[in-house]
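**Q** my_file-v1.cif is the file, holding mmCIF, C-alpha atoms:
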data_work
loop_
_atom_site.label_atom_id
_atom_site.label_comp_id
_atom_site.auth_asym_id
_atom_site.auth_seq_id
_atom_site.Cartn_x
_atom_site.Cartn_y
_atom_site.Cartn_z
CA MET A 1 12.04 -7.16 -18.78
CA THR A 2 9.18 -7.30 -21.26
CA LYS A 3 6.48 -4.67 -21.39
CA SER A 4 3.82 -7.33 -20.83
CA THR A 5 5.29 -8.63 -17.60
CA SER A 6 6.74 -5.46 -16.06
CA PRO A 7 3.47 -4.12 -14.58
CA GLY A 8 2.61 -7.58 -13.23
CA ILE A 9 5.98 -7.86 -11.49
CA LEU A 10 5.53 -4.47 -9.85
CA LEU A 11 2.01 -5.38 -8.71
CA ILE A 12 3.17 -8.62 -7.11
CA LEU A 13 6.05 -6.86 -5.37
CA LEU A 14 3.62 -4.25 -3.99
CA ALA A 15 1.30 -7.02 -2.76
CA ALA A 16 4.22 -8.74 -1.02
CA ILE A 17 5.19 -5.49 0.68
CA LEU A 18 1.64 -5.15 2.02
CA TRP A 19 1.74 -8.76 3.26
CA GLY A 20 5.01 -7.95 4.99
CA THR A 21 3.16 -5.60 7.35
CA THR A 22 1.15 -8.42 8.93
CA GLY A 23 3.82 -9.45 11.44
CA THR A 24 4.28 -5.93 12.76
CA SER A 25 0.53 -5.42 12.89
CA GLN A 26 0.06 -8.62 14.88
CA ALA A 27 2.88 -7.62 17.24
CA LEU A 28 1.03 -4.40 17.97
CA ALA A 29 -2.29 -6.17 18.65
CA PRO A 30 -3.77 -5.94 22.18
CA SER A 31 -2.97 -8.71 24.66
CA GLY A 32 -5.22 -11.73 24.37
CA ALA A 33 -5.08 -11.85 20.57
CA HIS A 34 -4.64 -15.55 19.74
CA PRO A 35 -2.74 -16.29 16.50
CA LEU A 36 -5.46 -18.56 15.09
CA THR A 37 -8.17 -16.01 15.88
CA VAL A 38 -6.12 -13.27 14.25
CA GLY A 39 -5.82 -15.39 11.11
CA ALA A 40 -9.54 -16.18 11.04
CA LEU A 41 -10.55 -12.54 11.55
CA ARG A 42 -8.10 -11.44 8.88
CA LEU A 43 -9.66 -13.78 6.35
CA ALA A 44 -13.24 -12.98 7.42
CA ALA A 45 -12.71 -9.22 7.10
CA GLY A 46 -10.68 -9.46 3.91
CA GLY A 47 -12.92 -12.01 2.22
CA GLY A 48 -16.06 -10.08 3.16
CA ALA A 49 -14.66 -6.83 1.78
CA LEU A 50 -13.60 -8.52 -1.45
CA LEU A 51 -17.02 -10.15 -1.89
CA LEU A 52 -18.92 -6.88 -1.33
CA LEU A 53 -16.69 -5.09 -3.83
CA ALA A 54 -17.11 -7.80 -6.45
CA LEU A 55 -20.90 -7.88 -5.97
CA ALA A 56 -21.15 -4.09 -6.22
CA ARG A 57 -19.27 -4.22 -9.52
CA GLY A 58 -21.38 -7.10 -10.84
CA GLN A 59 -18.31 -9.28 -11.25
CA ILE A 60 -19.69 -12.44 -9.64
CA THR A 61 -21.02 -14.51 -12.53
CA ARG A 62 -21.68 -18.18 -13.23
CA SER A 63 -18.28 -18.51 -14.86
CA CYS A 64 -16.69 -17.89 -11.44
CA PHE A 65 -18.00 -21.32 -10.40
CA ARG A 66 -17.33 -23.31 -13.55
CA ASN A 67 -14.38 -25.04 -11.85
CA PRO A 68 -15.89 -25.88 -8.44
CA LEU A 69 -13.23 -28.42 -7.45
CA ILE A 70 -10.34 -26.03 -8.12
CA THR A 71 -12.25 -23.20 -6.38
CA LEU A 72 -12.84 -25.35 -3.32
CA LEU A 73 -9.23 -26.53 -3.32
CA ALA A 74 -8.01 -22.93 -3.46
CA ALA A 75 -10.29 -21.97 -0.56
CA LEU A 76 -9.15 -24.94 1.52
CA LEU A 77 -5.51 -24.03 0.92
CA VAL A 78 -6.14 -20.38 1.81
CA ALA A 79 -7.72 -21.46 5.09
CA ALA A 80 -4.97 -24.02 5.73
CA TYR A 81 -2.32 -21.35 5.20
CA GLN A 82 -3.83 -19.13 7.90
CA LEU A 83 -3.92 -21.97 10.43
CA ALA A 84 -0.50 -23.39 9.62
CA PHE A 85 1.31 -20.05 9.37
CA PHE A 86 0.01 -18.37 12.50
CA LYS A 87 0.41 -21.57 14.53
CA ALA A 88 3.94 -22.07 13.20
CA VAL A 89 4.88 -18.55 14.24
CA ALA A 90 3.43 -19.18 17.70
CA VAL A 91 5.36 -22.45 18.10
CA THR A 92 8.75 -21.71 16.62
CA GLY A 93 8.88 -17.91 16.61
CA VAL A 94 8.25 -15.15 14.08
CA ALA A 95 11.71 -15.23 12.49
CA VAL A 96 12.04 -18.96 11.84
CA GLY A 97 8.33 -19.46 11.10
CA THR A 98 8.24 -16.69 8.50
CA MET A 99 11.52 -17.74 6.92
CA VAL A 100 10.49 -21.39 6.49
CA ALA A 101 6.92 -20.67 5.37
CA ILE A 102 7.61 -17.95 2.82
CA GLY A 103 11.07 -19.19 1.86
CA SER A 104 9.76 -22.66 1.01
CA GLY A 105 6.92 -21.29 -1.13
CA PRO A 106 8.95 -20.95 -4.36
CA LEU A 107 10.35 -24.45 -3.97
CA PHE A 108 6.85 -25.94 -3.59
CA ALA A 109 5.57 -23.85 -6.51
CA GLY A 110 8.29 -25.19 -8.78
CA LEU A 111 7.70 -28.74 -7.57
CA PHE A 112 3.92 -28.56 -8.03
CA SER A 113 4.30 -27.05 -11.51
CA LEU A 114 6.62 -29.89 -12.47
CA LEU A 115 4.41 -32.64 -10.98
CA PHE A 116 0.97 -31.41 -12.06
CA HIS A 117 1.68 -29.36 -15.18
CA ALA A 118 4.95 -30.87 -16.44
CA GLU A 119 6.44 -27.37 -16.44
CA ARG A 120 10.16 -27.18 -15.74
CA PRO A 121 11.14 -24.00 -13.85
CA ASP A 122 13.48 -21.92 -16.00
CA ARG A 123 17.05 -20.93 -15.11
CA ARG A 124 15.98 -17.45 -14.10
CA TRP A 125 13.63 -18.88 -11.48
CA LEU A 126 16.31 -21.24 -10.18
CA ILE A 127 18.89 -18.46 -9.77
CA ALA A 128 16.45 -15.98 -8.23
CA THR A 129 15.01 -18.54 -5.83
CA ALA A 130 18.45 -19.79 -4.76
CA LEU A 131 19.60 -16.23 -3.99
CA ALA A 132 16.41 -15.32 -2.15
CA VAL A 133 16.19 -18.49 -0.06
CA ALA A 134 19.90 -18.26 0.81
CA GLY A 135 19.28 -14.68 1.88
CA LEU A 136 16.40 -15.72 4.11
CA LEU A 137 18.52 -18.41 5.72
CA VAL A 138 21.24 -15.85 6.46
CA LEU A 139 18.72 -13.23 7.53
CA PHE A 140 17.43 -15.36 10.38
CA ILE A 141 20.67 -16.93 11.62
CA PRO A 142 20.58 -16.62 15.44
CA ALA A 143 23.03 -14.16 16.93
CA PRO A 144 26.15 -15.65 18.59
CA GLY A 145 25.32 -16.94 22.05
CA SER A 146 21.59 -17.21 21.32
CA THR A 147 19.75 -20.04 23.11
CA THR A 148 16.85 -20.05 20.63
CA GLU A 149 15.69 -23.61 19.93
CA VAL A 150 14.04 -24.40 16.62
CA LYS A 151 11.12 -26.76 17.27
CA THR A 152 10.48 -29.46 14.70
CA THR A 153 6.68 -29.14 15.00
CA GLY A 154 6.85 -25.44 14.22
CA VAL A 155 9.08 -26.01 11.20
CA LEU A 156 6.73 -28.68 9.84
CA LEU A 157 3.76 -26.33 10.26
CA ALA A 158 5.69 -23.59 8.47
CA LEU A 159 6.46 -25.97 5.60
CA ALA A 160 2.76 -26.81 5.42
CA ALA A 161 2.04 -23.09 5.18
CA GLY A 162 4.57 -22.70 2.36
CA ALA A 163 3.02 -25.60 0.47
CA SER A 164 -0.47 -24.15 1.00
CA TYR A 165 0.60 -20.75 -0.30
CA ALA A 166 2.21 -22.20 -3.41
CA GLY A 167 -0.82 -24.44 -3.96
CA TYR A 168 -3.46 -21.75 -3.77
CA THR A 169 -1.40 -19.42 -5.96
CA LEU A 170 -1.30 -22.08 -8.69
CA ALA A 171 -5.01 -22.83 -8.19
CA ILE A 172 -6.01 -19.16 -8.44
CA LYS A 173 -3.88 -18.87 -11.58
CA ARG A 174 -5.98 -21.67 -13.12
CA LEU A 175 -9.22 -19.84 -12.27
CA LEU A 176 -8.28 -16.47 -13.79
CA PRO A 177 -8.83 -17.08 -17.56
CA GLY A 178 -12.26 -15.77 -18.53
CA ASN A 179 -12.96 -14.30 -15.09
CA SER A 180 -12.38 -11.05 -13.29
CA SER A 181 -9.35 -11.40 -11.02
CA ASP A 182 -11.23 -9.45 -8.34
CA ALA A 183 -14.14 -11.91 -8.51
CA VAL A 184 -11.88 -14.98 -8.32
CA ILE A 185 -10.08 -13.66 -5.25
CA ALA A 186 -13.40 -12.64 -3.65
CA VAL A 187 -14.95 -16.09 -4.08
CA VAL A 188 -11.88 -18.01 -2.93
CA PHE A 189 -11.20 -15.88 0.14
CA THR A 190 -14.85 -15.71 1.17
CA LEU A 191 -15.07 -19.50 1.06
CA GLY A 192 -11.80 -19.70 2.99
CA GLY A 193 -13.22 -17.35 5.61
CA VAL A 194 -16.35 -19.48 5.95
CA LEU A 195 -14.17 -22.53 6.60
CA LEU A 196 -12.50 -20.71 9.52
CA LEU A 197 -15.72 -19.47 11.17
CA PRO A 198 -15.63 -22.23 13.84
CA PHE A 199 -12.45 -20.67 15.27
CA LEU A 200 -14.31 -17.39 15.80
CA PHE A 201 -17.30 -18.98 17.51
CA SER A 202 -15.07 -20.77 20.02
CA SER A 203 -12.70 -17.88 20.84
CA ASP A 204 -12.65 -14.87 23.14
CA LEU A 205 -12.95 -11.86 20.83
CA GLY A 206 -12.94 -9.19 23.53
CA TRP A 207 -9.60 -7.81 22.35
CA ALA A 208 -10.94 -7.40 18.79
CA VAL A 209 -13.59 -4.83 19.76
CA THR A 210 -11.11 -2.48 21.44
CA PRO A 211 -9.88 0.50 19.37
CA GLY A 212 -6.44 -1.07 18.99
CA GLY A 213 -7.90 -4.45 18.11
CA LEU A 214 -10.26 -3.00 15.51
CA LEU A 215 -7.40 -1.11 13.92
CA VAL A 216 -5.32 -4.28 13.66
CA ILE A 217 -8.18 -6.30 12.16
CA LEU A 218 -9.07 -3.55 9.68
CA HIS A 219 -5.46 -3.28 8.57
CA LEU A 220 -5.00 -7.04 8.27
CA GLY A 221 -8.35 -7.55 6.52
CA LEU A 222 -8.67 -4.51 4.26
CA VAL A 223 -5.04 -3.62 3.50
CA ALA A 224 -2.89 -6.72 4.00
CA THR A 225 -5.55 -9.07 2.59
CA ALA A 226 -8.22 -7.45 0.41
CA LEU A 227 -6.09 -4.77 -1.26
CA ALA A 228 -2.96 -6.93 -1.37
CA TYR A 229 -4.67 -9.90 -3.02
CA LEU A 230 -6.55 -7.74 -5.52
CA ILE A 231 -3.19 -6.39 -6.62
CA PHE A 232 -1.63 -9.87 -6.52
CA ALA A 233 -4.36 -11.43 -8.69
CA ARG A 234 -3.97 -8.75 -11.34
CA GLY A 235 -0.23 -9.31 -11.36
CA LEU A 236 -0.77 -13.05 -11.81
CA ARG A 237 -2.41 -12.44 -15.18
CA SER A 238 0.94 -11.60 -16.77
CA VAL A 239 3.47 -13.33 -14.50
CA PRO A 240 4.04 -17.12 -14.26
CA ALA A 241 2.87 -18.49 -10.92
CA VAL A 242 6.30 -19.85 -9.96
CA HIS A 243 7.82 -16.42 -10.56
CA ALA A 244 5.03 -14.77 -8.56
CA VAL A 245 5.75 -16.97 -5.54
CA THR A 246 9.45 -16.10 -5.69
CA LEU A 247 8.68 -12.38 -6.04
CA SER A 248 6.57 -12.63 -2.90
CA LEU A 249 9.77 -13.28 -0.95
CA ALA A 250 9.72 -9.50 -0.65
CA GLU A 251 7.24 -10.17 2.19
CA PRO A 252 9.77 -11.40 4.79
CA LEU A 253 12.22 -8.78 3.59
CA THR A 254 9.61 -6.12 4.34
CA ALA A 255 8.81 -7.74 7.67
CA ALA A 256 12.47 -7.65 8.67
CA ALA A 257 12.78 -3.99 7.66
CA LEU A 258 9.68 -3.04 9.65
CA GLY A 259 11.01 -4.96 12.63
CA ILE A 260 14.10 -2.79 12.56
CA LEU A 261 12.37 0.53 11.89
CA VAL A 262 9.12 0.14 13.86
CA LEU A 263 9.79 -2.49 16.52
CA ARG A 264 13.36 -1.28 17.10
CA GLU A 265 14.94 -4.68 16.45
CA SER A 266 18.70 -4.58 15.97
CA LEU A 267 20.30 -5.05 12.52
CA THR A 268 23.33 -7.34 12.52
CA LEU A 269 25.82 -7.72 9.70
CA THR A 270 24.44 -11.16 8.88
CA ALA A 271 20.92 -9.75 8.73
CA ALA A 272 22.07 -7.01 6.37
CA ALA A 273 23.80 -9.59 4.17
CA GLY A 274 20.67 -11.75 4.13
CA MET A 275 18.46 -8.83 3.12
CA GLY A 276 20.93 -8.03 0.35
CA LEU A 277 20.73 -11.57 -1.03
CA VAL A 278 16.93 -11.51 -1.01
CA LEU A 279 16.97 -8.19 -2.82
CA ALA A 280 19.43 -9.59 -5.37
CA GLY A 281 17.09 -12.51 -6.07
CA LEU A 282 14.16 -10.15 -6.61
CA VAL A 283 16.25 -8.00 -8.94
CA VAL A 284 17.22 -11.05 -11.01
CA LEU A 285 13.61 -12.13 -11.37
CA GLY A 286 12.28 -8.63 -11.88
CA THR A 287 14.72 -7.26 -14.44
CA THR A 288 15.81 -10.21 -16.58
CA ARG A 289 13.91 -10.79 -19.79
CA SER A 290 11.73 -13.88 -19.57
CA ARG A 291 12.48 -16.57 -22.14
CA LYS A 292 8.88 -17.63 -22.46
CA ALA A 293 5.61 -15.81 -22.47
CA ALA A 294 3.60 -15.67 -19.26
CA LYS A 295 0.68 -18.02 -19.17
#
Rewrite the coordinates I just gave you, this time as structure tokens.
**A**
Amino acid sequence: MTKSTSPGILLILLAAILWGTTGTSQALAPSGAHPLTVGALRLAAGGGALLLLALARGQITRSCFRNPLITLLAALLVAAYQLAFFKAVAVTGVAVGTMVAIGSGPLFAGLFSLLFHAERPDRRWLIATALAVAGLLVLFIPAPGSTTEVKTTGVLLALAAGASYAGYTLAIKRLLPGNSSDAVIAVVFTLGGVLLLPFLFSSDLGWAVTPGGLLVILHLGLVATALAYLIFARGLRSVPAVHAVTLSLAEPLTAAALGILVLRESLTLTAAAGMGLVLAGLVVLGTTRSRKAAK
């Protein structure tokens, strides 16, 4: 592992761990919290906090808007991810929705890099992604005798979320050169939050003003969004985008661990094996020396 990429890898892993708390946080939200409203509030709170921080530091400059089409695309994909992911989880369940959405992210990242940048994913990425995705598949295998039905609509929405995540990661990577990573994230997420405002105007937000609801929104917005993406953007400066998306598979691994420790979900042998495979993939990507410099 090179000195130049090691800090970036650790930052992205930390960001993924913070993202992994979103499922548990949503599970602890007061009754009446609609998945789409939760996603919109998360982005509004997180984007607003990021924008205020960037403005206070004087980081919002004209150069932040020199690529308006890519900035808008990133914002659209950020908003699309919120809608697709939270709806997918509502339709097909937390386990399958999270596995398909986050597990498909590295595959879409590699595909998009090949199609739009003519970049072939290296062997390290292929091995790490194969291990991690296989682990996620094993992690969420239904227990024997389970009657859980995987709904096609939910799976398609989860795949859309995975594609959106990979897409906005690559887009943000393109916006970073010459700009503050904090400013780029602030602009993109604020615009994404603006795009989701209609969902807030048409929803019952009574649950969000209760103490429990406020705590959930503050955690999702300030910790799992603002702080996590600030860390993620800084990590992206020294880590290839396709590697970053694979490293973020630590998110569902964290979510599964929290489900066991906090929500008292049972740990089966297959789940333990799946978590081990995901961890092995992260170790491969995090400790093997990269063959080419990060872009």
**Q** I'd like to see the residues matched by the PyMOL selection byres ((chain A and resi 167) around 8) on this file, and ideally I'd get them as a VMD selection string.
**A** chain A and resid 74 77 108 to 109 112 163 to 166 168 to 171
**Q** Find the spatial neighbours of Leu175 of chain A, counting only C-alpha atoms, within a cut-off of 8 Å - ignore same-chain residues fewer than 2 positions away - and output them as a PyMOL selection string.
**A** chain A and resi 64+67+70-71+171-173+177+179+184
**Q** Given the file shown, enumerate the residues that the PyMOL selection byres ((chain A and resi 220) around 9) captures and present them as a PDB file with C-alpha atoms, keeping the file's coordinate frame.
**A**
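And here is the file that came out, out.pdb:
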ATOM      1  CA  TRP A  19       1.740  -8.760   3.260  1.00  0.00           C
ATOM      2  CA  THR A  21       3.160  -5.600   7.350  1.00  0.00           C
ATOM      3  CA  THR A  22       1.150  -8.420   8.930  1.00  0.00           C
ATOM      4  CA  SER A  25       0.530  -5.420  12.890  1.00  0.00           C
ATOM      5  CA  GLN A  26       0.060  -8.620  14.880  1.00  0.00           C
ATOM      6  CA  VAL A  38      -6.120 -13.270  14.250  1.00  0.00           C
ATOM      7  CA  GLY A  39      -5.820 -15.390  11.110  1.00  0.00           C
ATOM      8  CA  LEU A  41     -10.550 -12.540  11.550  1.00  0.00           C
ATOM      9  CA  ARG A  42      -8.100 -11.440   8.880  1.00  0.00           C
ATOM     10  CA  LEU A  43      -9.660 -13.780   6.350  1.00  0.00           C
ATOM     11  CA  ALA A  45     -12.710  -9.220   7.100  1.00  0.00           C
ATOM     12  CA  GLY A  46     -10.680  -9.460   3.910  1.00  0.00           C
ATOM     13  CA  LEU A 215      -7.400  -1.110  13.920  1.00  0.00           C
ATOM     14  CA  VAL A 216      -5.320  -4.280  13.660  1.00  0.00           C
ATOM     15  CA  ILE A 217      -8.180  -6.300  12.160  1.00  0.00           C
ATOM     16  CA  LEU A 218      -9.070  -3.550   9.680  1.00  0.00           C
ATOM     17  CA  HIS A 219      -5.460  -3.280   8.570  1.00  0.00           C
ATOM     18  CA  GLY A 221      -8.350  -7.550   6.520  1.00  0.00           C
ATOM     19  CA  LEU A 222      -8.670  -4.510   4.260  1.00  0.00           C
ATOM     20  CA  VAL A 223      -5.040  -3.620   3.500  1.00  0.00           C
ATOM     21  CA  ALA A 224      -2.890  -6.720   4.000  1.00  0.00           C
ATOM     22  CA  THR A 225      -5.550  -9.070   2.590  1.00  0.00           C
ATOM     23  CA  ALA A 226      -8.220  -7.450   0.410  1.00  0.00           C
TER      24      ALA A 226
END
**Q** What is the atom CA of Leu196 of chain A to atom CA of Gly47 of chain A distance in Å?
**A** 11.4 Å
**Q** Selection in question (the file shown): the PyMOL selection byres ((chain A and resi 206) around 12). Which residues does it include, as a list in words?
**A**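 Matching residues under the PyMOL selection byres ((chain A and resi 206) around 12) are Pro30, Ser31, Gly32, Ala33, His34, Thr37, Leu200, Ser203, Asp204, Leu205, Trp207, Ala208, Val209, Thr210, Pro211, Gly212, Gly213 and Leu214 of chain A.
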**Q** Hey, which of A:Val138, A:Leu195, A:Ala101, A:Leu107 ends up closest to Leu126 of chain A? Count all atoms listed in the file.
**A** A:Leu107
**Q** I'd like to know which of A:Leu52, A:Gly105, A:Leu73, A:Ala44 is closest to Ala244 of chain A, using only C-alpha atoms.
**A**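 Distance minimum relative to Ala244 of chain A lands on A:Gly105.
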**Q** Quick one: residues within 12 Å of Ala90 of chain A, only C-alpha atoms, excluding same-chain residues fewer than 6 positions away - as an NGL selection string?
**A** :A and (23 or 26-27 or 33-36 or 38-39 or 83-84 or 96-98 or 150-151 or 153-155 or 157-158)
**Q** With distances taken over all atoms listed in the file, which residue among A:Val262, A:Ala134, A:Pro198, A:Ser180 lies nearest Gly276 of chain A?
**A**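 Counting all atoms listed in the file, the residue closest to Gly276 of chain A is A:Ala134.
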**Q** When you look at Thr129 of chain A with a cut-off of 8 Å (counting all atoms listed in the file), what residues show up, excluding the ones that are within fewer than 4 positions of it in the same chain? I need them as a list in words.
**A**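 The contact residues come out as Pro106, Leu107, Trp125, Val133, Thr246 and Gly281 of chain A.
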**Q** Of the candidates A:Ile9, A:Leu28, A:Ala183, A:Ala16, which shows the shortest atom-to-atom distance to Val284 of chain A, using all atoms listed in the file?
**A**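 Going through A:Ile9, A:Leu28, A:Ala183, A:Ala16 one by one, the smallest distance to Val284 of chain A is for A:Ile9.
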**Q** Could you check the closest approach to Phe86 of chain A for each of A:Ile127, A:Gly162, A:Arg66, A:Ala132 and tell me which residue wins, using all atoms listed in the file?
**A**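 Closest to Phe86 of chain A of all the choices is A:Gly162.
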**Q** Using all atoms listed in the file for the distances, tell me which of A:Gly20, A:Gly192, A:Gly8, A:Gly235 is nearest to Leu249 of chain A.
**A**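 Comparing A:Gly20, A:Gly192, A:Gly8, A:Gly235 against Leu249 of chain A, the winner is A:Gly20.
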**Q** In Å, with one decimal, what is the gap from atom CA of Ala40 of chain A to atom CA of Gly110 of chain A?
**A**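 About the pair atom CA of Ala40 of chain A and atom CA of Gly110 of chain A: they are 28.1 Å apart.
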**Q** Got a sec to check which residues sit within 6 Å of (-11.9, -20.4, -0.4), counting only C-alpha atoms, and write them as a VMD selection string?
**A** chain A and resid 72 74 to 76 188 to 192
**Q** By how many Å are atom CA of Ser202 of chain A and atom CA of Gln82 of chain A apart?
**A**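 Separation of atom CA of Ser202 of chain A and atom CA of Gln82 of chain A: 16.6 Å.
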**Q** Might I get the box with edges along x, y and z of the file that holds all atoms of segment 89-92 of chain A listed there, padded by 5 Å on every side, given as centre and edge lengths in Å to one decimal, as lines of an AutoDock Vina configuration file?
**A**
center_x = 6.1
center_y = -20.5
center_z = 16.2
size_x = 15.3
size_y = 13.9
size_z = 13.9
